[in-house]
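Q: Data file run_39.txt (compact mmCIF, C-alpha atoms) is appended below.
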```
# COMPACT_ATOMS: atom_id res chain seq x y z
CA MET A 1 0.00 0.00 0.00
CA MET A 2 2.88 2.37 0.79
CA ALA A 3 4.39 1.56 -2.59
CA MET A 4 1.29 2.95 -4.34
CA GLY A 5 1.96 6.44 -2.98
CA TRP A 6 0.19 9.12 -4.98
CA GLY A 7 -1.35 6.40 -7.11
CA LEU A 8 -4.13 6.29 -4.51
CA ALA A 9 -4.98 9.90 -5.35
CA ALA A 10 -5.19 8.99 -9.05
CA VAL A 11 -7.48 6.04 -8.25
CA THR A 12 -9.70 8.31 -6.16
CA ALA A 13 -9.89 10.93 -8.91
CA PHE A 14 -10.70 8.28 -11.50
CA HIS A 15 -13.76 7.19 -9.52
CA LEU A 16 -15.39 10.48 -10.46
CA ALA A 17 -15.82 9.09 -14.01
CA PRO A 18 -18.14 6.18 -13.09
CA MET A 19 -19.86 8.45 -10.57
CA MET A 20 -20.70 10.91 -13.35
CA LEU A 21 -22.04 8.08 -15.53
CA ALA A 22 -24.28 6.90 -12.70
CA ASN A 23 -25.38 10.49 -12.25
CA LEU A 24 -26.38 10.74 -15.92
CA SER A 25 -28.44 7.59 -15.49
CA TRP A 26 -30.36 8.97 -12.51
CA ARG A 27 -30.80 12.36 -14.23
CA GLU A 28 -32.86 10.69 -16.98
CA LEU A 29 -35.42 9.63 -14.36
CA LEU A 30 -35.98 13.11 -12.93
CA PRO A 31 -38.61 15.53 -14.32
CA ARG A 32 -37.21 17.52 -17.23
CA GLU A 33 -38.77 20.72 -15.89
CA GLY A 34 -37.18 21.96 -12.71
CA ARG A 35 -34.40 19.38 -12.85
CA PRO A 36 -31.35 20.50 -10.79
CA GLY A 37 -28.14 21.29 -12.66
CA ALA A 38 -25.50 18.69 -13.42
CA LEU A 39 -23.12 19.87 -10.66
CA ALA A 40 -25.89 19.91 -8.05
CA LEU A 41 -26.90 16.36 -8.98
CA LEU A 42 -23.28 15.21 -8.88
CA TRP A 43 -22.95 16.72 -5.39
CA ILE A 44 -26.06 14.78 -4.27
CA ARG A 45 -24.74 11.59 -5.89
CA TRP A 46 -21.46 12.02 -4.03
CA ILE A 47 -23.29 12.22 -0.70
CA ARG A 48 -25.48 9.27 -1.68
CA GLU A 49 -22.46 7.05 -2.34
CA SER A 50 -20.74 8.26 0.83
CA VAL A 51 -23.71 7.29 3.00
CA ASN A 52 -24.19 3.89 1.33
CA THR A 53 -20.48 3.08 1.44
CA LEU A 54 -19.52 4.15 4.95
CA LEU A 55 -22.67 3.91 7.06
CA PRO A 56 -24.46 0.69 8.17
CA VAL A 57 -27.61 1.38 6.13
CA ALA A 58 -27.76 -1.80 3.96
CA GLN A 59 -26.79 0.31 0.91
CA LEU A 60 -30.24 1.94 0.97
CA GLY A 61 -29.90 4.87 3.39
CA GLY A 62 -28.05 6.92 0.81
CA ASP A 63 -31.01 6.58 -1.56
CA LEU A 64 -33.34 8.09 1.05
CA VAL A 65 -30.89 10.93 1.67
CA CYS A 66 -30.67 11.42 -2.09
CA ALA A 67 -34.46 11.72 -2.43
CA ARG A 68 -34.54 14.27 0.38
CA LEU A 69 -31.73 16.40 -1.05
CA VAL A 70 -33.15 16.48 -4.56
CA TYR A 71 -36.54 17.42 -3.08
CA LEU A 72 -34.90 20.33 -1.25
CA ARG A 73 -33.48 21.40 -4.64
CA GLY A 74 -37.00 21.90 -5.99
CA VAL A 75 -38.01 18.50 -7.37
CA PRO A 76 -41.53 17.50 -6.22
CA ALA A 77 -41.46 14.91 -3.45
CA VAL A 78 -43.49 12.41 -5.46
CA SER A 79 -41.06 12.63 -8.40
CA ALA A 80 -38.02 12.48 -6.10
CA ILE A 81 -39.17 9.28 -4.43
CA GLY A 82 -40.33 7.73 -7.71
CA SER A 83 -36.98 8.41 -9.37
CA MET A 84 -35.16 6.91 -6.39
CA VAL A 85 -37.13 3.65 -6.60
CA VAL A 86 -36.69 3.27 -10.36
CA ASP A 87 -33.01 4.23 -10.16
CA LEU A 88 -32.50 1.48 -7.57
CA THR A 89 -34.18 -0.98 -9.95
CA VAL A 90 -32.04 0.20 -12.88
CA SER A 91 -28.92 -0.15 -10.73
CA VAL A 92 -29.61 -3.76 -9.76
CA LEU A 93 -30.74 -4.87 -13.23
CA THR A 94 -27.66 -3.46 -14.93
CA GLN A 95 -25.47 -4.88 -12.18
CA LEU A 96 -26.87 -8.33 -12.88
CA ALA A 97 -26.05 -7.85 -16.58
CA PHE A 98 -22.54 -6.69 -15.66
CA VAL A 99 -21.90 -9.70 -13.42
CA ALA A 100 -23.23 -12.01 -16.14
CA LEU A 101 -20.76 -10.41 -18.56
CA GLY A 102 -17.91 -11.02 -16.13
CA LEU A 103 -18.90 -14.66 -15.63
CA ALA A 104 -19.10 -15.21 -19.39
CA LEU A 105 -15.62 -13.72 -19.88
CA LEU A 106 -14.27 -15.89 -17.06
CA LEU A 107 -15.68 -19.08 -18.59
CA GLN A 108 -14.32 -18.04 -21.97
CA ARG A 109 -10.83 -17.88 -20.48
CA SER A 110 -10.92 -21.17 -18.60
CA LEU A 111 -13.12 -24.17 -17.84
CA ASP A 112 -10.95 -25.34 -14.97
CA PRO A 113 -13.01 -26.96 -12.16
CA ALA A 114 -11.97 -24.21 -9.71
CA VAL A 115 -13.16 -21.55 -12.16
CA VAL A 116 -16.45 -23.34 -12.80
CA ALA A 117 -17.03 -23.65 -9.03
CA VAL A 118 -16.57 -19.90 -8.61
CA VAL A 119 -18.91 -19.20 -11.53
CA TRP A 120 -21.61 -21.45 -10.09
CA SER A 121 -21.40 -19.89 -6.62
CA VAL A 122 -21.61 -16.32 -7.95
CA ALA A 123 -24.37 -17.27 -10.40
CA ALA A 124 -26.39 -18.80 -7.56
CA GLY A 125 -26.18 -15.59 -5.57
CA MET A 126 -27.15 -13.52 -8.59
CA GLY A 127 -30.06 -15.88 -9.26
CA ILE A 128 -31.44 -15.17 -5.79
CA LEU A 129 -30.97 -11.44 -6.36
CA LEU A 130 -32.74 -11.70 -9.73
CA ALA A 131 -35.72 -13.44 -8.11
CA ALA A 132 -35.86 -10.74 -5.44
CA MET A 133 -35.76 -8.02 -8.11
CA ALA A 134 -38.55 -9.70 -10.09
CA ALA A 135 -40.72 -9.64 -6.96
CA PHE A 136 -39.72 -6.03 -6.28
CA MET A 137 -40.70 -4.93 -9.79
CA LEU A 138 -44.01 -6.79 -9.54
CA VAL A 139 -44.83 -5.01 -6.29
CA GLN A 140 -43.92 -1.69 -7.92
CA ARG A 141 -46.39 -2.29 -10.72
CA ILE A 142 -49.13 -3.31 -8.29
CA GLY A 143 -48.49 -0.26 -6.10
CA MET A 144 -45.87 -0.81 -3.40
CA PHE A 145 -46.43 2.43 -1.47
CA ASP A 146 -50.20 2.09 -1.49
CA ILE A 147 -49.91 -1.50 -0.21
CA ALA A 148 -47.44 -0.43 2.50
CA ILE A 149 -49.74 2.37 3.69
CA ARG A 150 -52.78 0.08 3.77
CA ILE A 151 -50.94 -2.63 5.71
CA GLY A 152 -49.30 -0.14 8.08
CA GLY A 153 -52.55 1.69 8.72
CA GLY A 154 -54.40 -1.56 9.36
CA LEU A 155 -51.80 -3.01 11.72
CA LEU A 156 -51.23 0.18 13.70
CA GLY A 157 -54.79 1.46 13.50
CA SER A 158 -53.36 4.84 12.55
CA GLY A 159 -55.66 7.33 10.87
CA ALA A 160 -52.65 9.48 9.96
CA LEU A 161 -51.17 6.65 7.92
CA ALA A 162 -54.49 6.02 6.22
CA ARG A 163 -54.68 9.68 5.18
CA LEU A 164 -51.35 9.27 3.37
CA GLY A 165 -53.02 6.88 0.94
CA ALA A 166 -53.56 9.56 -1.72
CA THR A 167 -49.88 10.54 -1.68
CA ALA A 168 -48.83 6.89 -1.82
CA SER A 169 -51.01 6.39 -4.89
CA GLU A 170 -49.37 9.41 -6.54
CA ILE A 171 -45.91 7.95 -5.93
CA ASP A 172 -46.96 4.59 -7.36
CA ALA A 173 -48.38 6.39 -10.42
CA ALA A 174 -45.10 8.29 -10.85
CA ILE A 175 -43.14 5.03 -10.74
CA ARG A 176 -45.38 3.42 -13.37
CA ALA A 177 -45.07 6.53 -15.55
CA LEU A 178 -41.28 6.24 -15.49
CA TYR A 179 -41.47 2.65 -16.69
CA ARG A 180 -43.79 3.72 -19.51
CA ASP A 181 -41.26 6.33 -20.63
CA LYS A 182 -39.18 3.84 -22.61
CA ARG A 183 -36.67 6.38 -23.86
CA ALA A 184 -35.81 7.64 -20.37
CA PHE A 185 -35.76 4.15 -18.85
CA TRP A 186 -33.51 2.54 -21.46
CA THR A 187 -31.22 5.57 -21.61
CA ALA A 188 -30.84 5.32 -17.84
CA MET A 189 -30.07 1.60 -18.24
CA ALA A 190 -27.37 2.34 -20.83
CA TRP A 191 -25.66 5.00 -18.71
CA ARG A 192 -25.75 2.76 -15.63
CA LEU A 193 -24.26 -0.22 -17.45
CA ALA A 194 -21.51 2.08 -18.72
CA ASP A 195 -20.93 3.11 -15.09
CA TRP A 196 -20.39 -0.51 -13.99
CA ILE A 197 -18.02 -1.20 -16.88
CA ALA A 198 -16.03 1.98 -16.24
CA GLY A 199 -15.52 0.84 -12.65
CA ALA A 200 -13.15 -1.84 -13.96
CA GLY A 201 -10.72 0.97 -14.75
CA GLU A 202 -10.24 1.44 -11.02
CA ILE A 203 -8.92 -2.11 -10.61
CA TRP A 204 -6.69 -1.69 -13.66
CA LEU A 205 -5.20 1.49 -12.16
CA ILE A 206 -4.67 -0.05 -8.72
CA MET A 207 -2.83 -3.06 -10.14
CA TYR A 208 -0.78 -0.75 -12.38
CA PHE A 209 0.37 1.34 -9.40
CA LEU A 210 1.06 -1.84 -7.42
CA GLY A 211 3.48 -2.81 -10.19
CA LYS A 212 1.42 -5.91 -11.05
CA PRO A 213 -0.51 -4.79 -14.17
CA VAL A 214 -3.45 -6.86 -15.43
CA GLY A 215 -5.34 -6.81 -18.72
CA VAL A 216 -8.59 -4.95 -19.29
CA GLY A 217 -10.50 -8.25 -19.44
CA GLU A 218 -9.08 -9.42 -16.12
CA ALA A 219 -9.91 -6.07 -14.49
CA LEU A 220 -13.47 -6.27 -15.79
CA ILE A 221 -13.91 -9.82 -14.46
CA LEU A 222 -12.54 -8.93 -11.02
CA GLU A 223 -14.73 -5.82 -10.80
CA SER A 224 -17.87 -7.67 -11.84
CA LEU A 225 -17.32 -10.54 -9.38
CA GLY A 226 -16.46 -8.16 -6.54
CA THR A 227 -19.55 -6.10 -7.31
CA GLY A 228 -21.73 -9.18 -7.23
CA VAL A 229 -20.36 -10.31 -3.87
CA ARG A 230 -20.80 -6.85 -2.37
CA SER A 231 -24.45 -6.78 -3.40
CA ALA A 232 -25.06 -10.26 -2.04
CA ALA A 233 -23.51 -9.19 1.30
CA PHE A 234 -25.58 -5.99 1.58
CA LEU A 235 -26.54 -6.79 5.19
CA VAL A 236 -22.87 -6.69 6.23
CA PRO A 237 -21.94 -3.00 6.74
CA GLY A 238 -19.65 -2.06 3.87
CA ALA A 239 -19.22 -5.79 3.12
CA ILE A 240 -16.23 -5.52 5.48
CA GLY A 241 -14.20 -8.72 5.34
CA VAL A 242 -16.44 -10.25 2.70
CA LEU A 243 -15.09 -8.06 -0.11
CA GLU A 244 -11.47 -8.63 0.92
CA ALA A 245 -11.92 -12.40 1.07
CA SER A 246 -13.66 -12.46 -2.30
CA PHE A 247 -10.80 -10.60 -3.99
CA ILE A 248 -8.30 -13.09 -2.58
CA VAL A 249 -10.35 -15.96 -4.04
CA PHE A 250 -11.12 -14.36 -7.42
CA ALA A 251 -7.69 -12.85 -8.03
CA SER A 252 -6.02 -16.21 -7.38
CA LEU A 253 -7.70 -17.43 -10.58
CA PHE A 254 -5.32 -15.10 -12.46
CA GLY A 255 -2.23 -15.98 -10.46
CA ILE A 256 -2.38 -12.86 -8.29
CA SER A 257 -0.97 -13.49 -4.81
CA ALA A 258 -3.04 -13.16 -1.66
CA ALA A 259 -0.93 -10.18 -0.54
CA ASP A 260 -1.53 -8.31 -3.81
CA SER A 261 -5.22 -9.24 -3.72
CA LEU A 262 -5.54 -7.82 -0.21
CA ALA A 263 -3.68 -4.68 -1.29
CA LEU A 264 -6.17 -4.33 -4.16
CA ALA A 265 -9.14 -4.60 -1.78
CA LEU A 266 -7.58 -2.19 0.73
CA ALA A 267 -6.80 0.34 -2.00
CA LYS A 268 -10.51 0.36 -2.88
CA ARG A 269 -11.27 0.92 0.81
CA VAL A 270 -8.87 3.87 0.92
CA ARG A 271 -10.60 5.37 -2.11
CA GLU A 272 -13.95 4.96 -0.35
CA LEU A 273 -12.60 6.80 2.68
CA LEU A 274 -10.94 9.58 0.67
CA LEU A 275 -14.21 10.33 -1.15
CA GLY A 276 -16.71 9.18 1.46
CA LEU A 277 -15.57 11.01 4.59
CA PRO A 278 -15.68 14.46 2.93
CA GLY A 279 -19.05 13.44 1.45
CA LEU A 280 -20.46 12.69 4.91
CA LEU A 281 -19.06 15.98 6.18
CA ALA A 282 -20.63 17.88 3.27
CA TRP A 283 -23.99 16.26 4.04
CA GLN A 284 -23.79 17.20 7.74
CA LEU A 285 -22.78 20.76 6.92
CA ALA A 286 -25.66 21.16 4.45
CA GLU A 287 -28.24 19.79 6.90
CA GLY A 288 -26.74 21.70 9.83
CA ARG A 289 -26.81 24.98 7.90
CA ARG A 290 -30.44 24.41 6.99
CA ILE A 291 -31.38 23.78 10.62
CA TRP A 292 -29.41 26.84 11.75
CA LEU A 293 -31.13 29.13 9.25
CA ARG A 294 -34.54 27.75 10.20
CA ARG A 295 -33.92 28.46 13.90
CA ARG A 296 -32.88 32.03 13.13
CA GLU A 297 -36.12 32.77 11.32
CA PRO A 298 -38.52 34.92 13.37
CA PRO A 299 -41.58 33.06 14.67
CA ALA A 300 -44.70 33.33 12.53
```
Spit out the file's structure as structure tokens when you get a sec.
A:
Amino acid sequence: MMAMGWGLAAVTAFHLAPMMLANLSWRELLPREGRPGALALLWIRWIRESVNTLLPVAQLGGDLVCARLVYLRGVPAVSAIGSMVVDLTVSVLTQLAFVALGLALLLQRSLDPAVVAVVWSVAAGMGILLAAMAAFMLVQRIGMFDIAIRIGGGLLGSGALARLGATASEIDAAIRALYRDKRAFWTAMAWRLADWIAGAGEIWLIMYFLGKPVGVGEALILESLGTGVRSAAFLVPGAIGVLEASFIVFASLFGISAADSLALALAKRVRELLLGLPGLLAWQLAEGRRIWLRRREPPA
């Protein structure tokens, strides 16, 4: 890790490229009128990734923060929440395609029993995730927020929850409208898939600065497999330990030593800290400033 030196700064700066691609994907799902500017959306995306990466929120808390911040930038609440739900769906669907691409490339390189065992284990995890996403999309089409409000209101006997039914129906309608907008949906899918593929450049750079360069195909395979494992381990905060172990297993398929594999995983962690900690600070400053200004307002 010490040998990488300023290479860690280059790896951190490079991550802005896939972040911008992911941002372009999400931008397609926001209303065209009143949509925040590109820099404002990138700032929100930065905070979103920081929360999901560094806080124990099952990689979902950042999405809620994202919906809140874009709402405060002038996007209607219904549209903000609807875009968040569809963006999450787009993210998982394109991730599944990306992992499938990595598995296909891995099988193309070798049919060794060890390789096939890895492919089967990752494919099984992705199969479970695909089934979960199919159920999630079905619930979206039926009306997930309306169902949640009805169940919550019935169980808790809360009239306040029941009165939210109209808003829940509006959010469900906004989600269905986004799926009907084929151009926006498939453009978002294309940008997001490009984001996953561009992430392989980070592994290529890390291995280059470690003095153990790998090919583009190998970097893409390692990134896709690591991404799949991280999603499968979403209940483990930051996939700590799981991601490192997976890189040791996957990288060994290409003759990369355990020490270099661990250095690769730790370099990605350093990048997460270098971008994520300032992102969390920026979020706290923005929310703190808003609270401070609200308290200074004279009472009505």
Q: Using all atoms listed in the file, find the one residue out of A:Tyr71, A:Phe14, A:Tyr179, A:Phe247 that sits nearest to Val118 in chain A.
A: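 Closest residue, counting all atoms listed in the file: A:Phe247.
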Q: Determine, counting only C-alpha atoms, which protein, DNA and RNA residues have an atom within 12 Å of an atom of Ala219 in chain A; residues of the same chain fewer than 4 positions away are not included. Present the result as a ChimeraX atom specification.
A: /A:102,105-106,196-208,212-215,223-226,247,250-251,254,256,264
Q: Write to file, as a JSON list (two decimals), in the frame of the given file, the residues of the selection just made, with C-alpha atoms.
A:
```json
[["chain", "number", "residue", "atom", "x", "y", "z"],
["A", 102, "GLY", "CA", -17.91, -11.02, -16.13],
["A", 105, "LEU", "CA", -15.62, -13.72, -19.88],
["A", 106, "LEU", "CA", -14.27, -15.89, -17.06],
["A", 196, "TRP", "CA", -20.39, -0.51, -13.99],
["A", 197, "ILE", "CA", -18.02, -1.20, -16.88],
["A", 198, "ALA", "CA", -16.03, 1.98, -16.24],
["A", 199, "GLY", "CA", -15.52, 0.84, -12.65],
["A", 200, "ALA", "CA", -13.15, -1.84, -13.96],
["A", 201, "GLY", "CA", -10.72, 0.97, -14.75],
["A", 202, "GLU", "CA", -10.24, 1.44, -11.02],
["A", 203, "ILE", "CA", -8.92, -2.11, -10.61],
["A", 204, "TRP", "CA", -6.69, -1.69, -13.66],
["A", 205, "LEU", "CA", -5.20, 1.49, -12.16],
["A", 206, "ILE", "CA", -4.67, -0.05, -8.72],
["A", 207, "MET", "CA", -2.83, -3.06, -10.14],
["A", 208, "TYR", "CA", -0.78, -0.75, -12.38],
["A", 212, "LYS", "CA", 1.42, -5.91, -11.05],
["A", 213, "PRO", "CA", -0.51, -4.79, -14.17],
["A", 214, "VAL", "CA", -3.45, -6.86, -15.43],
["A", 215, "GLY", "CA", -5.34, -6.81, -18.72],
["A", 223, "GLU", "CA", -14.73, -5.82, -10.80],
["A", 224, "SER", "CA", -17.87, -7.67, -11.84],
["A", 225, "LEU", "CA", -17.32, -10.54, -9.38],
["A", 226, "GLY", "CA", -16.46, -8.16, -6.54],
["A", 247, "PHE", "CA", -10.80, -10.60, -3.99],
["A", 250, "PHE", "CA", -11.12, -14.36, -7.42],
["A", 251, "ALA", "CA", -7.69, -12.85, -8.03],
["A", 254, "PHE", "CA", -5.32, -15.10, -12.46],
["A", 256, "ILE", "CA", -2.38, -12.86, -8.29],
["A", 264, "LEU", "CA", -6.17, -4.33, -4.16]]
```
Q: Using all atoms listed in the file, which residues sit within 10 Å of Gly125 in chain A once same-chain residues fewer than 2 positions away are excluded, as a ChimeraX atom specification?
A: /A:120-123,127-130,228-229,231-233
Q: Restricting the output to C-alpha atoms, write the selected residues as a short mmCIF file (atom, residue, chain, number, x, y, z; two decimals), in the coordinates of the input.
A:
```cif
data_model
loop_
_atom_site.label_atom_id
_atom_site.label_comp_id
_atom_site.auth_asym_id
_atom_site.auth_seq_id
_atom_site.Cartn_x
_atom_site.Cartn_y
_atom_site.Cartn_z
CA TRP A 120 -21.61 -21.45 -10.09
CA SER A 121 -21.40 -19.89 -6.62
CA VAL A 122 -21.61 -16.32 -7.95
CA ALA A 123 -24.37 -17.27 -10.40
CA GLY A 127 -30.06 -15.88 -9.26
CA ILE A 128 -31.44 -15.17 -5.79
CA LEU A 129 -30.97 -11.44 -6.36
CA LEU A 130 -32.74 -11.70 -9.73
CA GLY A 228 -21.73 -9.18 -7.23
CA VAL A 229 -20.36 -10.31 -3.87
CA SER A 231 -24.45 -6.78 -3.40
CA ALA A 232 -25.06 -10.26 -2.04
CA ALA A 233 -23.51 -9.19 1.30
#
```
Q: What gap, in Å, lies between CA of Ile171 in chain A and CA of Gly82 in chain A?
A: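 Result for CA of Ile171 in chain A versus CA of Gly82 in chain A: 5.9 Å, one decimal.
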Q: Between A:Arg176, A:Arg192, A:Arg141, A:Arg289, single out the one closest to Met20 in chain A, counting all atoms listed in the file.
A: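 Of A:Arg176, A:Arg192, A:Arg141, A:Arg289, the one nearest Met20 in chain A is A:Arg192, counting all atoms listed in the file.
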Q: Find the residue from A:Ala3, A:Leu253, A:Leu293, A:Ile47 that sits nearest to Arg109 in chain A; use all atoms listed in the file when measuring.
A: A:Leu253
Q: Rank A:Leu39, A:Leu210, A:Val270, A:Leu243 by their smallest atom-to-atom distance to His15 in chain A, using all atoms listed in the file, and report the top residue only.
A: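 So, comparing all the options, the nearest one is A:Val270.
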Q: Report the distance between CA of Ser25 in chain A and CA of Val51 in chain A in Å, rounded to one decimal place.
A: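 Rounded to one decimal, the two atoms are 19.1 Å apart.
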Q: Take CA of Ala9 in chain A and CA of Ala282 in chain A and report the distance between them in Å, one decimal.
A: 19.6 Å
Q: So which one's closest to Glu28 in chain A, A:Trp186, A:Trp6, A:Trp43, A:Phe209? Using only C-alpha atoms, please.
A: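 Of A:Trp186, A:Trp6, A:Trp43, A:Phe209, the one nearest Glu28 in chain A is A:Trp186, counting only C-alpha atoms.
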Q: Just the residues within 12 Å of Trp46 in chain A, please, counting all atoms listed in the file, with nothing from its chain fewer than 6 positions along; format it as a ChimeraX atom specification.
A: /A:15-20,22-23,39-40,52-53,62-63,65-66,69,272,274-283
Q: Padding of 4 Å on every side, edges along x, y and z, all listed atoms of range 208-215 of chain A included: what centre and edge lengths in Å, to one decimal, does that box have, as lines of an AutoDock Vina configuration file?
A:
```
center_x = -0.9
center_y = -2.8
center_z = -13.1
size_x = 16.8
size_y = 16.2
size_z = 19.3
```
